[in-house]
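Source file: start_15.txt. Holds: compact mmCIF, N, CA and C atoms.
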# COMPACT_ATOMS: atom_id res chain seq x y z
N MET A 1 167.72 188.76 -119.26
CA MET A 1 167.37 190.10 -119.68
C MET A 1 165.92 190.39 -119.29
N THR A 2 165.68 191.57 -118.80
CA THR A 2 164.35 191.97 -118.35
C THR A 2 163.50 192.36 -119.56
N PRO A 3 162.27 191.81 -119.67
CA PRO A 3 161.42 192.17 -120.80
C PRO A 3 161.01 193.64 -120.72
N PRO A 4 160.74 194.25 -121.87
CA PRO A 4 160.33 195.66 -121.86
C PRO A 4 158.96 195.84 -121.20
N VAL A 5 158.76 197.01 -120.63
CA VAL A 5 157.48 197.35 -120.00
C VAL A 5 156.55 197.85 -121.10
N ARG A 6 155.32 197.32 -121.10
CA ARG A 6 154.32 197.76 -122.08
C ARG A 6 153.04 198.12 -121.34
N TYR A 7 152.41 199.20 -121.81
CA TYR A 7 151.15 199.66 -121.22
C TYR A 7 150.03 199.45 -122.20
N PRO A 8 148.82 199.17 -121.72
CA PRO A 8 148.46 199.11 -120.30
C PRO A 8 149.08 197.91 -119.61
N LEU A 9 149.34 198.08 -118.33
CA LEU A 9 149.96 197.05 -117.50
C LEU A 9 149.02 196.76 -116.34
N THR A 10 148.87 195.49 -115.99
CA THR A 10 147.98 195.11 -114.90
C THR A 10 148.79 194.75 -113.67
N VAL A 11 148.44 195.39 -112.55
CA VAL A 11 149.04 195.06 -111.25
C VAL A 11 147.98 194.29 -110.47
N THR A 12 148.35 193.11 -109.99
CA THR A 12 147.42 192.29 -109.21
C THR A 12 147.63 192.59 -107.73
N CYS A 13 146.56 192.95 -107.06
CA CYS A 13 146.60 193.26 -105.63
C CYS A 13 146.63 191.96 -104.82
N PRO A 14 147.12 192.02 -103.59
CA PRO A 14 147.13 190.82 -102.74
C PRO A 14 145.77 190.17 -102.56
N ASP A 15 144.68 190.93 -102.70
CA ASP A 15 143.35 190.34 -102.56
C ASP A 15 142.84 189.73 -103.87
N GLY A 16 143.68 189.77 -104.92
CA GLY A 16 143.31 189.19 -106.20
C GLY A 16 142.68 190.15 -107.18
N THR A 17 142.28 191.33 -106.73
CA THR A 17 141.72 192.31 -107.65
C THR A 17 142.85 192.87 -108.51
N GLU A 18 142.48 193.45 -109.64
CA GLU A 18 143.48 193.97 -110.56
C GLU A 18 143.32 195.46 -110.78
N VAL A 19 144.46 196.11 -110.98
CA VAL A 19 144.50 197.53 -111.32
C VAL A 19 145.14 197.62 -112.70
N ARG A 20 144.42 198.19 -113.65
CA ARG A 20 144.92 198.32 -115.02
C ARG A 20 145.51 199.72 -115.16
N CYS A 21 146.82 199.79 -115.32
CA CYS A 21 147.54 201.06 -115.36
C CYS A 21 147.90 201.41 -116.80
N VAL A 22 147.54 202.62 -117.21
CA VAL A 22 147.79 203.05 -118.59
C VAL A 22 149.11 203.77 -118.76
N ASP A 23 149.78 204.10 -117.65
CA ASP A 23 151.07 204.78 -117.77
C ASP A 23 151.96 204.44 -116.58
N GLY A 24 153.19 204.91 -116.66
CA GLY A 24 154.19 204.60 -115.64
C GLY A 24 153.89 205.18 -114.28
N GLU A 25 153.31 206.38 -114.22
CA GLU A 25 152.99 206.98 -112.92
C GLU A 25 152.03 206.11 -112.14
N HIS A 26 150.96 205.70 -112.80
CA HIS A 26 149.96 204.86 -112.13
C HIS A 26 150.54 203.49 -111.77
N ALA A 27 151.30 202.90 -112.69
CA ALA A 27 151.88 201.58 -112.44
C ALA A 27 152.87 201.61 -111.28
N ALA A 28 153.73 202.63 -111.24
CA ALA A 28 154.71 202.73 -110.16
C ALA A 28 154.02 202.87 -108.80
N ALA A 29 153.01 203.73 -108.74
CA ALA A 29 152.30 203.92 -107.47
C ALA A 29 151.55 202.66 -107.06
N ALA A 30 150.85 202.05 -108.01
CA ALA A 30 150.09 200.83 -107.69
C ALA A 30 151.04 199.72 -107.24
N TRP A 31 152.20 199.60 -107.88
CA TRP A 31 153.17 198.56 -107.52
C TRP A 31 153.63 198.73 -106.08
N LEU A 32 153.91 199.97 -105.68
CA LEU A 32 154.37 200.21 -104.31
C LEU A 32 153.24 200.07 -103.30
N LEU A 33 152.06 200.55 -103.64
CA LEU A 33 150.94 200.51 -102.69
C LEU A 33 150.39 199.10 -102.48
N THR A 34 150.76 198.17 -103.37
CA THR A 34 150.34 196.78 -103.18
C THR A 34 151.44 195.93 -102.54
N ALA A 35 152.54 196.56 -102.14
CA ALA A 35 153.60 195.84 -101.42
C ALA A 35 153.02 195.30 -100.11
N PRO A 36 153.39 194.09 -99.71
CA PRO A 36 152.84 193.52 -98.47
C PRO A 36 152.98 194.44 -97.26
N LEU A 37 154.09 195.16 -97.15
CA LEU A 37 154.29 196.06 -96.03
C LEU A 37 153.18 197.11 -95.95
N LEU A 38 152.78 197.65 -97.09
CA LEU A 38 151.72 198.67 -97.10
C LEU A 38 150.33 198.08 -97.17
N TRP A 39 150.17 196.99 -97.90
CA TRP A 39 148.83 196.42 -98.09
C TRP A 39 148.18 196.08 -96.76
N ARG A 40 148.96 195.56 -95.82
CA ARG A 40 148.40 195.19 -94.51
C ARG A 40 147.78 196.40 -93.81
N LYS A 41 148.35 197.56 -94.02
CA LYS A 41 147.85 198.77 -93.36
C LYS A 41 146.83 199.50 -94.23
N LEU A 42 147.07 199.55 -95.54
CA LEU A 42 146.25 200.38 -96.42
C LEU A 42 145.08 199.65 -97.05
N GLY A 43 145.27 198.39 -97.44
CA GLY A 43 144.26 197.74 -98.27
C GLY A 43 144.22 198.44 -99.62
N ARG A 44 143.12 198.30 -100.30
CA ARG A 44 143.01 198.90 -101.63
C ARG A 44 142.74 200.39 -101.53
N VAL A 45 143.60 201.18 -102.14
CA VAL A 45 143.45 202.64 -102.14
C VAL A 45 143.48 203.21 -103.55
N THR A 46 143.39 202.31 -104.55
CA THR A 46 143.34 202.75 -105.94
C THR A 46 142.04 202.27 -106.56
N ASP A 47 141.62 202.98 -107.61
CA ASP A 47 140.50 202.46 -108.37
C ASP A 47 141.06 201.48 -109.41
N ARG A 48 140.23 200.94 -110.24
CA ARG A 48 140.69 199.91 -111.17
C ARG A 48 141.59 200.45 -112.27
N HIS A 49 141.72 201.78 -112.36
CA HIS A 49 142.59 202.40 -113.36
C HIS A 49 143.90 202.90 -112.76
N GLY A 50 144.10 202.69 -111.46
CA GLY A 50 145.34 203.10 -110.82
C GLY A 50 145.31 204.48 -110.21
N ASP A 51 144.16 205.17 -110.28
CA ASP A 51 144.08 206.47 -109.62
C ASP A 51 144.04 206.25 -108.11
N VAL A 52 144.88 206.99 -107.39
CA VAL A 52 145.05 206.78 -105.96
C VAL A 52 144.25 207.80 -105.16
N ASP A 53 143.60 207.33 -104.12
CA ASP A 53 142.90 208.20 -103.17
C ASP A 53 143.91 208.55 -102.08
N TRP A 54 144.66 209.64 -102.28
CA TRP A 54 145.74 210.01 -101.35
C TRP A 54 145.22 210.41 -99.99
N ASP A 55 144.01 210.96 -99.92
CA ASP A 55 143.43 211.29 -98.61
C ASP A 55 143.21 210.01 -97.80
N LEU A 56 142.76 208.96 -98.46
CA LEU A 56 142.56 207.67 -97.80
C LEU A 56 143.90 207.08 -97.36
N VAL A 57 144.92 207.20 -98.22
CA VAL A 57 146.26 206.73 -97.86
C VAL A 57 146.72 207.43 -96.59
N ASP A 58 146.60 208.76 -96.56
CA ASP A 58 147.04 209.53 -95.39
C ASP A 58 146.28 209.11 -94.14
N ALA A 59 144.98 208.92 -94.26
CA ALA A 59 144.17 208.54 -93.10
C ALA A 59 144.57 207.16 -92.57
N ARG A 60 144.82 206.24 -93.47
CA ARG A 60 145.17 204.88 -93.04
C ARG A 60 146.62 204.75 -92.57
N LEU A 61 147.45 205.74 -92.87
CA LEU A 61 148.85 205.70 -92.43
C LEU A 61 149.04 206.25 -91.02
N ALA A 62 147.97 206.67 -90.37
CA ALA A 62 148.09 207.16 -88.99
C ALA A 62 148.75 206.07 -88.15
N GLY A 63 149.82 206.41 -87.46
CA GLY A 63 150.52 205.46 -86.62
C GLY A 63 151.41 204.49 -87.38
N ALA A 64 151.67 204.77 -88.65
CA ALA A 64 152.48 203.88 -89.48
C ALA A 64 153.95 203.96 -89.09
N SER A 65 154.68 202.90 -89.41
CA SER A 65 156.13 202.88 -89.17
C SER A 65 156.82 203.81 -90.18
N SER A 66 158.08 204.10 -89.91
CA SER A 66 158.83 204.96 -90.83
C SER A 66 158.98 204.27 -92.19
N GLY A 67 159.15 202.96 -92.21
CA GLY A 67 159.25 202.24 -93.47
C GLY A 67 157.98 202.31 -94.28
N GLU A 68 156.84 202.16 -93.61
CA GLU A 68 155.55 202.27 -94.29
C GLU A 68 155.36 203.67 -94.87
N ARG A 69 155.69 204.68 -94.08
CA ARG A 69 155.53 206.06 -94.55
C ARG A 69 156.47 206.35 -95.73
N LEU A 70 157.69 205.82 -95.68
CA LEU A 70 158.64 206.04 -96.77
C LEU A 70 158.18 205.35 -98.05
N LEU A 71 157.70 204.13 -97.94
CA LEU A 71 157.24 203.41 -99.13
C LEU A 71 156.04 204.13 -99.75
N ALA A 72 155.11 204.58 -98.93
CA ALA A 72 153.96 205.33 -99.43
C ALA A 72 154.42 206.68 -100.01
N GLY A 73 155.42 207.28 -99.38
CA GLY A 73 155.97 208.55 -99.89
C GLY A 73 156.62 208.37 -101.26
N ALA A 74 157.31 207.25 -101.45
CA ALA A 74 157.90 206.97 -102.76
C ALA A 74 156.80 206.79 -103.81
N ALA A 75 155.72 206.11 -103.43
CA ALA A 75 154.60 205.93 -104.36
C ALA A 75 154.01 207.29 -104.74
N ARG A 76 153.83 208.14 -103.76
CA ARG A 76 153.26 209.48 -104.00
C ARG A 76 154.19 210.28 -104.90
N ASP A 77 155.49 210.21 -104.64
CA ASP A 77 156.47 210.96 -105.43
C ASP A 77 156.49 210.49 -106.88
N LEU A 78 156.51 209.17 -107.10
CA LEU A 78 156.53 208.65 -108.47
C LEU A 78 155.22 208.92 -109.19
N TYR A 79 154.14 209.00 -108.46
CA TYR A 79 152.82 209.30 -109.02
C TYR A 79 152.73 210.77 -109.46
N GLY A 80 153.59 211.60 -108.85
CA GLY A 80 153.60 213.02 -109.18
C GLY A 80 152.67 213.83 -108.31
N SER A 81 152.32 213.30 -107.16
CA SER A 81 151.43 213.99 -106.23
C SER A 81 152.25 214.77 -105.22
N TRP A 82 151.79 215.94 -104.85
CA TRP A 82 152.50 216.79 -103.91
C TRP A 82 152.55 216.14 -102.53
N ALA A 83 153.72 216.27 -101.89
CA ALA A 83 153.89 215.75 -100.54
C ALA A 83 154.54 216.83 -99.68
N ALA A 84 154.10 216.93 -98.44
CA ALA A 84 154.67 217.92 -97.52
C ALA A 84 156.14 217.63 -97.25
N GLU A 85 156.48 216.36 -97.14
CA GLU A 85 157.86 215.96 -96.88
C GLU A 85 158.29 214.98 -97.97
N PRO A 86 159.08 215.45 -98.95
CA PRO A 86 159.50 214.55 -100.03
C PRO A 86 160.33 213.38 -99.50
N THR A 87 160.22 212.26 -100.15
CA THR A 87 160.97 211.07 -99.79
C THR A 87 162.35 211.15 -100.44
N SER A 88 163.41 211.00 -99.65
CA SER A 88 164.76 211.08 -100.22
C SER A 88 165.31 209.68 -100.48
N LEU A 89 166.16 209.60 -101.48
CA LEU A 89 166.80 208.32 -101.79
C LEU A 89 167.65 207.83 -100.63
N ALA A 90 168.34 208.74 -99.97
CA ALA A 90 169.18 208.34 -98.83
C ALA A 90 168.34 207.70 -97.72
N ARG A 91 167.18 208.29 -97.41
CA ARG A 91 166.32 207.71 -96.37
C ARG A 91 165.75 206.37 -96.80
N LEU A 92 165.38 206.24 -98.08
CA LEU A 92 164.90 204.96 -98.57
C LEU A 92 165.97 203.89 -98.40
N CYS A 93 167.20 204.21 -98.79
CA CYS A 93 168.31 203.25 -98.70
C CYS A 93 168.65 202.90 -97.25
N ALA A 94 168.56 203.87 -96.37
CA ALA A 94 168.92 203.64 -94.97
C ALA A 94 167.83 202.92 -94.19
N THR A 95 166.58 203.06 -94.59
CA THR A 95 165.46 202.57 -93.78
C THR A 95 164.84 201.28 -94.29
N LEU A 96 164.64 201.17 -95.59
CA LEU A 96 163.93 200.00 -96.13
C LEU A 96 164.81 198.77 -96.17
N ASP A 97 164.19 197.62 -95.95
CA ASP A 97 164.92 196.36 -96.10
C ASP A 97 165.14 196.11 -97.60
N THR A 98 165.93 195.11 -97.90
CA THR A 98 166.31 194.83 -99.29
C THR A 98 165.10 194.60 -100.19
N GLY A 99 164.14 193.82 -99.73
CA GLY A 99 162.97 193.52 -100.56
C GLY A 99 162.15 194.76 -100.90
N ASN A 100 161.94 195.63 -99.92
CA ASN A 100 161.15 196.84 -100.18
C ASN A 100 161.93 197.87 -100.99
N LEU A 101 163.25 197.96 -100.78
CA LEU A 101 164.06 198.86 -101.60
C LEU A 101 164.08 198.37 -103.04
N ARG A 102 164.17 197.05 -103.23
CA ARG A 102 164.11 196.49 -104.58
C ARG A 102 162.77 196.84 -105.22
N ARG A 103 161.70 196.80 -104.46
CA ARG A 103 160.38 197.14 -104.99
C ARG A 103 160.33 198.59 -105.46
N VAL A 104 161.00 199.49 -104.72
CA VAL A 104 161.09 200.90 -105.15
C VAL A 104 161.82 200.99 -106.49
N LEU A 105 162.93 200.25 -106.63
CA LEU A 105 163.67 200.26 -107.90
C LEU A 105 162.82 199.71 -109.03
N GLU A 106 162.03 198.68 -108.75
CA GLU A 106 161.12 198.15 -109.77
C GLU A 106 160.08 199.19 -110.15
N ALA A 107 159.60 199.96 -109.18
CA ALA A 107 158.63 201.02 -109.47
C ALA A 107 159.25 202.10 -110.34
N VAL A 108 160.51 202.45 -110.07
CA VAL A 108 161.21 203.43 -110.91
C VAL A 108 161.29 202.91 -112.34
N ARG A 109 161.57 201.63 -112.49
CA ARG A 109 161.63 201.03 -113.83
C ARG A 109 160.27 201.10 -114.53
N LEU A 110 159.19 200.96 -113.78
CA LEU A 110 157.86 201.08 -114.40
C LEU A 110 157.62 202.50 -114.90
N LEU A 111 158.12 203.47 -114.15
CA LEU A 111 157.96 204.87 -114.56
C LEU A 111 158.90 205.23 -115.70
N ARG A 112 160.12 204.72 -115.64
CA ARG A 112 161.15 205.05 -116.64
C ARG A 112 161.82 203.79 -117.18
N PRO A 113 161.11 203.02 -118.00
CA PRO A 113 161.70 201.78 -118.52
C PRO A 113 162.95 202.03 -119.36
N ASP A 114 163.08 203.22 -119.91
CA ASP A 114 164.25 203.54 -120.73
C ASP A 114 165.53 203.67 -119.90
N ALA A 115 165.40 203.76 -118.57
CA ALA A 115 166.57 203.95 -117.71
C ALA A 115 167.15 202.64 -117.18
N ALA A 116 166.58 201.51 -117.57
CA ALA A 116 167.10 200.22 -117.12
C ALA A 116 168.51 200.03 -117.66
N PRO A 117 169.41 199.43 -116.86
CA PRO A 117 170.77 199.22 -117.34
C PRO A 117 170.80 198.25 -118.52
N PRO A 118 171.82 198.39 -119.39
CA PRO A 118 171.93 197.45 -120.52
C PRO A 118 171.94 196.00 -120.01
N GLY A 119 171.17 195.16 -120.61
CA GLY A 119 171.09 193.77 -120.18
C GLY A 119 170.08 193.55 -119.08
N GLY A 120 169.39 194.60 -118.64
CA GLY A 120 168.36 194.46 -117.60
C GLY A 120 168.92 194.59 -116.20
N TRP A 121 168.05 194.46 -115.24
CA TRP A 121 168.41 194.65 -113.83
C TRP A 121 169.04 193.40 -113.23
N GLY A 122 168.70 192.23 -113.74
CA GLY A 122 169.22 191.00 -113.14
C GLY A 122 168.61 190.78 -111.76
N ARG A 123 169.11 189.80 -111.05
CA ARG A 123 168.61 189.53 -109.69
C ARG A 123 169.72 189.25 -108.77
As structure tokens - that is how I would like this structure written.
Amino acid sequence: MTPPVRYPLTVTCPDGTEVRCVDGEHAAAAWLLTAPLLWRKLGRVTDRHGDVDWDLVDARLAGASSGERLLAGAARDLYGSWAAEPTSLARLCATLDTGNLRRVLEAVRLLRPDAAPPGGWGR
């Protein structure tokens, strides 16, 4: 069974720094933006409270793959930030590999822990 999500929640970045998230929007975005696929291109784009510098994300995504853009788009969407081209579930499912799609589902759970299936997500 998956333990309940409690805030504040700390997301550890690949460089070892931590982002302390006080709500699901920040936690979901930070979780996706620290995915290895994005971290290699973006690096740290959040402050220590999980606020995202979306202009920096956009600048660093120049020349990004479709998977990188979709993962960042999902982070932006869950964060509640306006996007010119919304990320669709169908495109996420068709484009992302299993590990990155699972990470999107984990981010959704951070935003909406009440929507987890009975007994948790399992593996």
Requested in this report: Would you list, as a list in words, the residues of chain A that end up in strand (DSSP E or B) under DSSP run on this structure's backbone?
Outcome: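 The strand (DSSP E or B) residues within chain A come out as Leu9, Thr10, Val11, Thr12, Glu18, Val19, Arg20, Cys21, Thr46 and Val52 of chain A.
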Report summary line: Nearest to A:Leu110, restricted to all atoms listed in the file and choosing among A:Leu92, A:Cys13, A:Ala28, A:Val22, comes out as A:Ala28
Query raised in the report: So how far away is atom CA of A:Pro86 from atom CA of A:Thr12, in Å?
Result: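 One can read the atom CA of A:Thr12 to atom CA of A:Pro86 distance as 26.9 Å.
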Query raised in the report: Which is closer to A:Gly119 than all the others in A:Glu18, A:Pro4, A:Arg40, A:Leu101, using only C-alpha atoms?
Result: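 Once distances to A:Gly119 are computed over only C-alpha atoms, the minimum belongs to A:Pro4.
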Requested in this report: Compute the distance from (155.8, 204.1, -113.3) to each atom, counting only N, CA and C atoms, keep the residues with any atom at most 6.5 Å away, and return them as a ChimeraX atom specification; use the coordinates of the file.
Outcome: /A:23-29,78,107-112
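Relative to atom C of A:Cys21, atom C of A:Pro8 is found at 4.6 Å.
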Requested in this report: Can you check which residues of stretch 14-122 of chain A DSSP gives as alpha helix (DSSP H) on the backbone and send them as a PyMOL selection string?
Outcome: chain A and resi 24-33+36-42+54-60+66-79+89-95+98-111
Query raised in the report: When distances are computed from only N, CA and C atoms, which of A:Val11, A:Ser88, A:Ala94, A:Arg60 shows the smallest separation from A:Gly73?
Result: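 Residue with the minimum atom-to-atom distance to A:Gly73: A:Ser88.
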Query - Nearest to A:Ser66 by atom-to-atom distance, counting only N, CA and C atoms, from A:Lys41, A:Thr87, A:Leu96, A:Asp47 - result: A:Leu96
Query raised in the report: Which residue, A:Ala62, A:Val19, A:Ala90, A:Leu32, has the smallest gap to A:Arg48 when you use only N, CA and C atoms?
Result: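 Of all the options, A:Val19 lies closest to A:Arg48.
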Query raised in the report: At what distance in Å, to one decimal, does atom C of A:Ala84 lie from atom C of A:Thr10?
Result: 29.1 Å
